[in-house]
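Structure first, then comments.
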Amino acid sequence: MRNILVLSIILTILSFSGFAQSGRVGLNSQLPVSDEIAAKNDLTVKELFEEANAFAKNKFAEFEEKKVPFNEKLYTETIREQKQLAVKYAALAAQRENLAGEDFYYLGMLNWLTENGEPASEAFKKFLASENPAAEKAQTARSIITVISARTKDFAEAEKFLAQYLKNEPVKINERIRIETELAQSFRAEKQFNRAAPHAEEAYRATKLIVKEFTSPIDAINRILNAGVFVFEIYKENGKQTQADAALEDMRNEAVKMQSTAFYYYAANAQIKYLIETGRKPLALQTFDNLLRQSQKEFKTKPLQEDIYRRLQRRDLHYKMLGEAAPELVNIGTPPEAQTQILTNLRGKVVLIDFWATWCGPCLDTFPALIEWHETFKKDGFEILGLTRFYGNAGAVKVDQIGELEFLREFKEEQGLPYEFVIANNDENHRVYGARSIPTHVLIDRKGNIRYIETGTSASREEELRREIIKLLAEK
């Protein structure tokens, strides 16, 4: 579930920035105009757009004043209402016979606000064809046409309008970032990686230029990180090792400039894993040792030095295990028939070991994903082992192993978990696999080699793990 944004941030986001999300509200500009909407006929197209565009911002300000608790449902409903209003206003404006000049610009903006790309593009083109269109509005129109064309895979049209955009002024960096990102995403989706890469590089370069304009350091780090990862992934998917390596190196350098240990760790961790994945494990381990030392010089304060050292050091065992044969599970208390050779008996399947416990909230958060993967991929040779250990309690009650085993069986049934549990007598397996925290997920390929180890959970981590499962299942 996506994070709920604080109201002040939402009000900023809802101020129209010239771009909408993909998709449609489910309505179109050909809807009949109601009497209530027809009463707005005395408003100019510009006024219609401004009223529709301000709808959500005004509503959230009203909610804040009335102390209405903000939640996801309220946000979604308000945005839906805003789009419906914009659709009706667009229909009202489109019926007018005397549209000219900037009327087409604001008609385009209304349609864009409703996420109806085709009528928005048509209106913007009419605006650009009018006499002496205002320079800034013309640039916004060109930028949106480029985005719409990229999304519909009309690359010739997209690149034509991008070229026009770059030949004119003003070129706004945020618009440029969005244009380049959209083009890169669309080319990537079509596996045209050589065409995607320059656009992704430009989006990354432009994002770095405006680092000081972001509302918070965290926002700046996230934006640059996401743009850099996008570049890396395109080169990785295209098999361009040199360029992929360079992208990760540049991200580490940016992290040092920003003195962000979280950013630095992400780039360093990705770099080491990528080296292992591409058959360069000795270099990966040497890079790990180098970064442990180098990071102590690159970060200026003791707390930052200690933080990055801790983040990297706790991955030491994981890096050494990646690509190696998975150690057999030992000292298993139950089930009795699976106390030895558990992983050996699963050779030929893709196996996910989920280190978890009943008292671990984040572990329980992963259950829906694990259930979905079990149901989706089991037929393809995928197996999940939920590995926990005897902790000597059933909830808050101290129990012996028999009592705890009964508690675990009831827990499994209550949670609707369809895959197998493996229960160890102690924490030996946790230590062998470096599962210092839980949940920790270990993904083993059909040959019995460890291909993925990560601790923690999030929506992005679950998506990453799902991609890895699919990739390993495709290997024969």
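Residues are referred to by chain and number: the chain letter is A, B, ... according to the order shown in the structure tokens, the number counts from 1 in that chain, and ligands are numbered separately from 1 in the order shown.
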
ask   = Could you write out, as a ChimeraX atom specification, all the residues of range 162-210 of chain A that DSSP marks as helix (DSSP H, G or I)?
value = /A:162-167,173-189,193-209

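Omitting Thr340 in chain A and its sequence neighbours fewer than 3 positions away, and counting only C-alpha atoms, the residues within 12 Å are Pro327, Glu328, Leu329, Val330, Asn331, Ile332, Gly333, Thr334, Pro335, Pro336, Glu337, Leu343, Thr344, Asn345, Leu346, Val422 and Ala424 of chain A.
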
Which residues are near Ala184 in chain A? Cut-off 8 Å, only C-alpha atoms, ignore same chain within fewer than 2 positions. Put them as a PDB file with C-alpha atoms, in the first residue's frame.
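The new file selection-v3.pdb reads:
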```pdb
ATOM      1  CA  GLU A 180      13.149  12.297 -21.353  1.00  0.00           C
ATOM      2  CA  THR A 181      11.907   9.850 -18.721  1.00  0.00           C
ATOM      3  CA  GLU A 182       8.707   9.094 -20.617  1.00  0.00           C
ATOM      4  CA  SER A 186       8.534   3.707 -23.687  1.00  0.00           C
ATOM      5  CA  PHE A 187      11.666   2.726 -25.610  1.00  0.00           C
ATOM      6  CA  ARG A 188      12.623   0.373 -22.777  1.00  0.00           C
ATOM      7  CA  ARG A 195      17.281   4.468 -27.999  1.00  0.00           C
ATOM      8  CA  ALA A 196      16.159   4.440 -24.359  1.00  0.00           C
ATOM      9  CA  ALA A 197      19.618   4.994 -22.850  1.00  0.00           C
ATOM     10  CA  PRO A 198      20.324   8.563 -24.126  1.00  0.00           C
ATOM     11  CA  HIS A 199      16.958   9.757 -22.853  1.00  0.00           C
ATOM     12  CA  ALA A 200      17.479   8.111 -19.460  1.00  0.00           C
TER      13      ALA A 200
END
```

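Near Arg80 in chain A, within a cut-off of 10 Å and counting only C-alpha atoms, sit the residues Val25, Gly26, Ala56, Leu74, Tyr75, Thr76, Gln84, Leu85, Ala86 and Thr114 of chain A, with same-chain residues fewer than 4 positions away left out.
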
Could you take the residues named above and write them with C-alpha atoms, as a PDB file, in the first residue's frame?
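Saved the output as result-v3.pdb:
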```pdb
ATOM      1  CA  VAL A  25     -11.032   8.796 -15.689  1.00  0.00           C
ATOM      2  CA  GLY A  26     -13.512   6.717 -17.668  1.00  0.00           C
ATOM      3  CA  ALA A  56      -8.546  19.250  -5.305  1.00  0.00           C
ATOM      4  CA  LEU A  74     -10.518  10.543   0.785  1.00  0.00           C
ATOM      5  CA  TYR A  75      -7.582  11.345  -1.479  1.00  0.00           C
ATOM      6  CA  THR A  76      -8.697   8.933  -4.203  1.00  0.00           C
ATOM      7  CA  GLN A  84     -14.970  14.223 -13.492  1.00  0.00           C
ATOM      8  CA  LEU A  85     -15.354  17.990 -13.171  1.00  0.00           C
ATOM      9  CA  ALA A  86     -12.560  18.538 -15.691  1.00  0.00           C
ATOM     10  CA  THR A 114      -8.699  14.314 -17.222  1.00  0.00           C
TER      11      THR A 114
END
```

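Nearest residue to Ala244 in chain A among A:Leu275, A:Ala134, A:Ile308, A:Ala369 is A:Leu275, counting only C-alpha atoms.
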
task = Using backbone DSSP assignments, extract all strand (DSSP E) residues from range 379-466 of chain A; output them as a list of chain:residue names.
result = A:Phe382, A:Glu383, A:Ile384, A:Leu385, A:Gly386, A:Leu387, A:Thr388, A:Arg389, A:Asn393, A:Ala394, A:Val397, A:Lys398, A:Glu420, A:Phe421, A:Val422, A:Ile423, A:Ala424, A:Thr440, A:His441, A:Val442, A:Leu443, A:Ile444, A:Ile450, A:Arg451, A:Tyr452, A:Ile453, A:Glu454, A:Thr455

Filtering to N, CA, C and O atoms, could you give me those residues as a compact mmCIF listing (two decimals), in the first residue's frame?
```txt
# COMPACT_ATOMS: atom_id res chain seq x y z
N PHE A 382 8.30 -23.96 -8.44
CA PHE A 382 8.68 -23.01 -7.40
C PHE A 382 8.22 -23.52 -6.05
O PHE A 382 7.09 -24.00 -5.90
N GLU A 383 9.10 -23.44 -5.06
CA GLU A 383 8.80 -23.94 -3.72
C GLU A 383 9.18 -22.89 -2.68
O GLU A 383 10.25 -22.27 -2.76
N ILE A 384 8.30 -22.68 -1.71
CA ILE A 384 8.59 -21.77 -0.59
C ILE A 384 8.76 -22.59 0.68
O ILE A 384 7.96 -23.48 0.97
N LEU A 385 9.81 -22.29 1.44
CA LEU A 385 10.02 -22.86 2.77
C LEU A 385 9.97 -21.73 3.78
O LEU A 385 10.83 -20.85 3.79
N GLY A 386 8.94 -21.74 4.62
CA GLY A 386 8.87 -20.75 5.69
C GLY A 386 9.68 -21.25 6.87
O GLY A 386 9.23 -22.15 7.59
N LEU A 387 10.87 -20.68 7.06
CA LEU A 387 11.78 -21.21 8.08
C LEU A 387 11.72 -20.34 9.34
O LEU A 387 12.09 -19.16 9.32
N THR A 388 11.25 -20.93 10.41
CA THR A 388 11.28 -20.27 11.71
C THR A 388 11.99 -21.20 12.68
O THR A 388 12.55 -22.22 12.28
N ARG A 389 12.00 -20.86 13.95
CA ARG A 389 12.62 -21.75 14.95
C ARG A 389 11.77 -21.73 16.21
O ARG A 389 10.89 -20.88 16.38
N ASN A 393 7.68 -19.87 23.04
CA ASN A 393 6.46 -19.16 23.42
C ASN A 393 5.39 -19.32 22.35
O ASN A 393 5.68 -19.60 21.19
N ALA A 394 4.15 -19.13 22.77
CA ALA A 394 3.00 -19.10 21.87
C ALA A 394 2.30 -17.78 22.13
O ALA A 394 1.53 -17.64 23.08
N VAL A 397 2.64 -16.40 25.83
CA VAL A 397 2.65 -17.49 26.81
C VAL A 397 3.86 -18.39 26.59
O VAL A 397 4.16 -18.80 25.46
N LYS A 398 4.59 -18.68 27.66
CA LYS A 398 5.70 -19.62 27.60
C LYS A 398 5.18 -21.04 27.42
O LYS A 398 4.27 -21.46 28.15
N GLU A 420 4.94 -24.83 2.84
CA GLU A 420 5.44 -25.59 3.98
C GLU A 420 6.23 -24.73 4.97
O GLU A 420 6.92 -23.79 4.59
N PHE A 421 6.11 -25.09 6.25
CA PHE A 421 6.95 -24.53 7.30
C PHE A 421 8.08 -25.50 7.62
O PHE A 421 7.89 -26.71 7.58
N VAL A 422 9.22 -24.95 7.94
CA VAL A 422 10.33 -25.74 8.48
C VAL A 422 10.71 -25.08 9.80
O VAL A 422 10.94 -23.87 9.85
N ILE A 423 10.75 -25.87 10.88
CA ILE A 423 10.99 -25.30 12.20
C ILE A 423 12.29 -25.87 12.77
O ILE A 423 12.43 -27.08 12.93
N ALA A 424 13.23 -24.99 13.05
CA ALA A 424 14.54 -25.40 13.55
C ALA A 424 14.56 -25.37 15.07
O ALA A 424 13.79 -24.66 15.72
N THR A 440 14.19 -12.32 6.27
CA THR A 440 15.29 -12.44 5.31
C THR A 440 14.86 -13.46 4.26
O THR A 440 14.34 -14.52 4.62
N HIS A 441 15.07 -13.12 3.00
CA HIS A 441 14.67 -14.01 1.91
C HIS A 441 15.89 -14.47 1.14
O HIS A 441 16.73 -13.66 0.74
N VAL A 442 15.97 -15.77 0.94
CA VAL A 442 17.06 -16.40 0.19
C VAL A 442 16.45 -17.13 -0.99
O VAL A 442 15.58 -17.99 -0.81
N LEU A 443 16.90 -16.80 -2.19
CA LEU A 443 16.37 -17.42 -3.40
C LEU A 443 17.44 -18.32 -4.00
O LEU A 443 18.57 -17.89 -4.24
N ILE A 444 17.07 -19.57 -4.21
CA ILE A 444 18.01 -20.60 -4.68
C ILE A 444 17.56 -21.11 -6.04
O ILE A 444 16.37 -21.40 -6.24
N ILE A 450 22.75 -20.09 -4.51
CA ILE A 450 22.09 -18.90 -3.98
C ILE A 450 22.22 -17.76 -4.99
O ILE A 450 23.32 -17.40 -5.41
N ARG A 451 21.10 -17.19 -5.35
CA ARG A 451 21.11 -16.11 -6.34
C ARG A 451 20.62 -14.78 -5.77
O ARG A 451 20.77 -13.74 -6.42
N TYR A 452 20.04 -14.81 -4.58
CA TYR A 452 19.45 -13.59 -4.03
C TYR A 452 19.35 -13.74 -2.52
O TYR A 452 18.87 -14.75 -2.02
N ILE A 453 19.83 -12.72 -1.79
CA ILE A 453 19.65 -12.66 -0.33
C ILE A 453 19.39 -11.20 0.04
O ILE A 453 20.21 -10.32 -0.24
N GLU A 454 18.26 -10.95 0.67
CA GLU A 454 17.95 -9.60 1.14
C GLU A 454 17.16 -9.68 2.43
O GLU A 454 16.39 -10.62 2.65
N THR A 455 17.33 -8.67 3.28
CA THR A 455 16.60 -8.57 4.54
C THR A 455 15.64 -7.40 4.48
O THR A 455 15.96 -6.36 3.90
```

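Comparing A:Ala268, A:Leu472, A:Ala357, A:Ile371 by their smallest distance to Phe390 in chain A, the closest is A:Ala357 (using only C-alpha atoms).
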
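Of the residues listed (A:Leu408, A:Ala52, A:Glu324, A:Leu128), A:Glu324 shows the shortest atom-to-atom separation from Gly279 in chain A; distances use only C-alpha atoms.
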
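Using only C-alpha atoms, the smallest distance between any of A:Gly239, A:Gly361, A:Gly101, A:Gly403 and Val45 in chain A comes from A:Gly101.
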
query = Quick one: of A:Leu364, A:Leu317, A:Lys273, A:Arg347, who's nearest to Ala435 in chain A, counting only C-alpha atoms?
reply = A:Leu317
